[in-house]
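Working notes, beginning with the structure itself.
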Amino acid sequence: MWTKGGITVAALGLAVLVFAAIDYATFPPPLPVYREVRSQWHPSEAWLYDRNGTLIDSARVDFKARRLAWTPLAHVSPVARDTIVAAEDQRFYGHGGVDWLALLGIARDKAQGERGRGGSTLSMQLAGFLAPDLAAPGRRHVWDKLRQMRAAWAIERGWSKDQILEAYLNLAGFRGEAQGIGAAALGLFGKTPDALARDDALLLAALLPEPQAGATIIARRACAMARERDCSRFEGEAVAMLGPARSLALDPGLAPHLSDRLLTKPGLRITTTLDKQIQAIAIQALRRQLQGLGGARARDGAVVVLDNASGDVLAYVGGIGGASTAPSVDGANAYRQAGSTLKPFLYAEAIEKGYLTPASILDDSPVQLDTASGLYVPQNYDRGFKGPVSARSALAGSLNVPAVRTLLLVGVDAFRDRLWDSGYRGLVEDGDYYGYSLALGSAEVTLLEQANAYRSLSQGGRWSPARLTNDDPRETPRAVTSPQAAWIVADMIADPNARAATFGLDSALRLPFWAAVKTGTSKAMRDNWCIGFTRRYTVAVWVGNLEGDSMRAVSGVSGAAPVWRDVMMALGGGQDSGPPPRPTGIERANVRFASNVEQPRSEYFLAGTAQTLITFAPDAARRPRITNPVSGAVYAIDPDIPPDRQRLAVTVSGSAATHRLLLDRRDLGSATAQPQILAPPGQHRLRLVDVAGRVVDQVLFTVR
């Protein structure tokens, strides 16, 4: 039989077992302390700042939830703190983790058949945030509630009330994927937490019980908490809050392409070399020009501005969206065909090596060059030829044939190497790959490479990498072009008179202060460039279509140049409005040109190379060649014009007194007679032969 004492011992043991089982069943999971929660917080965003610490852009990097930087309690407006505490846990500062009065009220409501209210305190909800299994769906029976209560007591023992409230405000989900009051304030109101007003706080508090509730429910809850008679305003405010995000009020979105490039990890805060004001100027100028052109003519553009002395990138605009069909592509870092923008480096190398001076005469007349893939026949932009021109006029006027003749002097491989040394890292092939078309910019380059290469000319031919962030190293500049050649070429492309024949005297390239500038247009009008510099800044602009289709009715002066001018005018000449100081090793002389090829002028030369009279080789000193028709030309017969009125004039240059012309197999007579031929439809071969019958030159043309 059991004794009284035995029953007592057994009952006591059973009680111990029951309490042990209850303790085990309700034992809360281990919870981190405040310092751990704060240190382990990782925002989903990353931020980009300008050189002065001003926010210019941000990027979402982690897409699990939208979290901003941790918001200290002191950075939350007092009315927001008080309103949320009153709505969620009105006796927060008076209990130790569990509000027994609230629990008794819930029990009373259930006994009376009324709908129960939530009894979870902020501490209990925080425990659910820290240990998600405590608040997992389906876990609402008494044992889970007891675990959550015990977890809340544990938090209260190790945390201060302010720490609990601060963590709760940062971990609570307010709407959709917005976690924390920082993300909620920015995404729903376009404000920072310290700027939240009373109505904002009421609406946020109304969201907490049911973050996905509609505007009507939220407005009703906010009205109930406000305890006001007239709550009509809350409906409109709730609708506005749940409408499109208004974060642009705090996130300017000024450098989206650069932020995509640099902001690769959550929580990154990168200080760039950009200047917010200059960035905004570049964006405005590009947007205005693209809107004026219209999406049917050109859809995309990009702008880069550099500080010449430091190499700091002051503006980096990869595009503005608008009518673009590829708005995510970074136009400032995309490889595009360079067009005529590489010519200054070609002429600089020729001048540096003593092959040319700015006054040297180059022949702008048809030329055809034998290559491995056939004849190469360069054409000028306007399909015309100007005859003998000076190197200054040829470069400033962007003439193509003189540039190809200059490349013949310099050498393709030597020019390719010079471009590589100038930072054009897209030229990964040898010179033979590019051929003579390299003089006309057949290689692909980026706008940032262009800007920094031109910057090297402004710095006396010294090149160093451009800097995008404050952490980028400052490398010692290395000499690429001689200071004398760099200065002379800068003077050539800054000369408004030299480019007048091509661009006119009053184009967008002419500024009220000194500036060296060059335009370029790639094959089939796919890319339009304008790059230039003053003593202080280099501005590079690209306009085109990122998908590669041709622009319509857009040229170097009407496409990129107006943007370049607007940015340069906004930057201003300042104290450094004049040309850069002339380096030693350059002399100045007055020159005249034989046959008045160009007007007399004062010209610059490398020391020891000055000339006062410039002439060009007479025909007798030139190799005989056919100048018309041009090889590859196609001529169409007009049926409405009499055939004998549609003859084709044949012209030959050089000393050709003893040479004859052969059209297919027919002898046309002396090469100096300038015969006019009437060729039937089809392909024809015109040959120039000497007295021995050897072919000196030949062209292929087609008649349709």
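Each chain in the structure tokens gets a letter, A, B, ..., in the order shown, and its residues are numbered from 1; ligands are numbered from 1 in order too.
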For stretch 118-130 of chain A, list every protein, DNA or RNA residue within 10 Å, evaluated using only C-alpha atoms, and leave out those in the same chain fewer than 4 positions away; present the list as a ChimeraX atom specification. /A:28-33,37,84-85,88-92,95-106,134-136,145,147-156,159,161,164-165,167-169,171-173,209
Distance atom CA of A:Asp50-atom CA of A:Met569, one decimal place? 21.9 Å
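Nearest residue to A:Asp307, choosing from A:Leu268, A:Glu547, A:Leu571, A:Arg108 and counting only C-alpha atoms: A:Leu571.
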Write out as a ChimeraX atom specification which residues come within 10 Å of A:Tyr433 when counting only C-alpha atoms, dropping same-chain ones fewer than 4 positions away. /A:412-413,427-429,437-438,443
What's the 12 Å shell around A:Asp638, counting only C-alpha atoms, without same-chain residues fewer than 3 positions away, as a list in words?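 That gives Tyr635, Ile641, Pro642, Pro643, Asp644, Arg645, Gln646, Arg647, Pro681, Val703 and Arg704 of chain A.
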Identify, on the basis of only C-alpha atoms, every residue whose closest approach to A:Asn528 does not exceed 6 Å; exclude the query and any residue fewer than 2 positions from it along the same chain; express the result as a list in words.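 Skipping anything fewer than 2 positions along the chain leaves Gly520, Thr521, Trp542, Val543 and Gly556 of chain A.
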Could you write out the selected residues, including N, CA, C and O atoms, as a compact mmCIF listing (two decimals), in the first residue's frame?
# COMPACT_ATOMS: atom_id res chain seq x y z
N GLY A 520 33.07 63.57 -84.80
CA GLY A 520 33.27 62.34 -85.55
C GLY A 520 31.94 61.66 -85.81
O GLY A 520 31.03 61.73 -84.97
N THR A 521 31.83 61.02 -86.94
CA THR A 521 30.64 60.26 -87.29
C THR A 521 31.08 58.92 -87.85
O THR A 521 31.92 58.87 -88.75
N TRP A 542 28.50 61.52 -76.79
CA TRP A 542 28.13 60.57 -77.86
C TRP A 542 26.62 60.61 -78.04
O TRP A 542 25.87 60.64 -77.06
N VAL A 543 26.18 60.62 -79.28
CA VAL A 543 24.76 60.53 -79.62
C VAL A 543 24.60 59.46 -80.69
O VAL A 543 25.40 59.39 -81.63
N GLY A 556 27.70 65.54 -87.14
CA GLY A 556 28.54 65.86 -85.99
C GLY A 556 28.18 67.17 -85.34
O GLY A 556 28.29 67.34 -84.13
Members of stretch 367-571 of chain A assigned strand (DSSP E) by DSSP, as JSON, numbers by chain: {"A": [369, 370, 371, 374, 375, 376, 387, 388, 389, 390, 444, 445, 462, 463, 478, 479, 516, 517, 518, 519, 520, 521, 527, 528, 529, 530, 531, 532, 533, 537, 538, 539, 540, 541, 542, 543, 544]}
Name all residues at most 7 Å from A:Asp690 (count only C-alpha atoms; drop same-chain ones fewer than 4 positions away) and give them as a short mmCIF file (atom, residue, chain, number, x, y, z; two decimals) with all heavy atoms, in the first residue's frame.
data_model
loop_
_atom_site.label_atom_id
_atom_site.label_comp_id
_atom_site.auth_asym_id
_atom_site.auth_seq_id
_atom_site.Cartn_x
_atom_site.Cartn_y
_atom_site.Cartn_z
N THR A 658 53.30 60.45 -121.67
CA THR A 658 53.63 59.30 -122.52
C THR A 658 52.74 58.09 -122.24
O THR A 658 53.02 56.99 -122.71
CB THR A 658 55.10 58.90 -122.30
OG1 THR A 658 55.29 58.55 -120.93
CG2 THR A 658 56.03 60.04 -122.69
N HIS A 659 51.68 58.28 -121.47
CA HIS A 659 50.82 57.17 -121.08
C HIS A 659 49.54 57.17 -121.91
O HIS A 659 49.14 58.19 -122.48
CB HIS A 659 50.47 57.27 -119.59
CG HIS A 659 51.65 57.06 -118.69
ND1 HIS A 659 52.74 57.89 -118.68
CD2 HIS A 659 51.90 56.10 -117.75
CE1 HIS A 659 53.62 57.47 -117.79
NE2 HIS A 659 53.12 56.38 -117.21
N ARG A 660 48.90 56.00 -121.97
CA ARG A 660 47.66 55.85 -122.70
C ARG A 660 46.60 55.24 -121.78
O ARG A 660 46.90 54.61 -120.77
CB ARG A 660 47.86 54.97 -123.95
CG ARG A 660 48.91 55.52 -124.91
CD ARG A 660 48.96 54.70 -126.18
NE ARG A 660 47.78 54.89 -127.02
CZ ARG A 660 47.62 55.93 -127.83
NH1 ARG A 660 48.53 56.89 -127.90
NH2 ARG A 660 46.53 56.02 -128.57
N ARG A 694 52.98 48.49 -119.56
CA ARG A 694 52.75 48.08 -118.17
C ARG A 694 51.62 48.90 -117.55
O ARG A 694 51.53 50.10 -117.78
CB ARG A 694 54.03 48.25 -117.35
CG ARG A 694 55.14 47.28 -117.75
CD ARG A 694 56.42 47.60 -117.03
NE ARG A 694 56.88 48.97 -117.35
CZ ARG A 694 58.08 49.44 -117.05
NH1 ARG A 694 58.96 48.66 -116.43
NH2 ARG A 694 58.42 50.68 -117.36
N VAL A 695 50.78 48.21 -116.76
CA VAL A 695 49.66 48.89 -116.11
C VAL A 695 50.18 49.70 -114.92
O VAL A 695 50.75 49.14 -113.98
CB VAL A 695 48.59 47.88 -115.65
CG1 VAL A 695 47.47 48.61 -114.92
CG2 VAL A 695 48.04 47.12 -116.84
N VAL A 696 50.02 51.00 -114.99
CA VAL A 696 50.47 51.90 -113.91
C VAL A 696 49.37 52.10 -112.88
O VAL A 696 49.61 52.19 -111.68
CB VAL A 696 50.93 53.25 -114.50
CG1 VAL A 696 51.28 54.23 -113.39
CG2 VAL A 696 52.09 53.05 -115.44
#
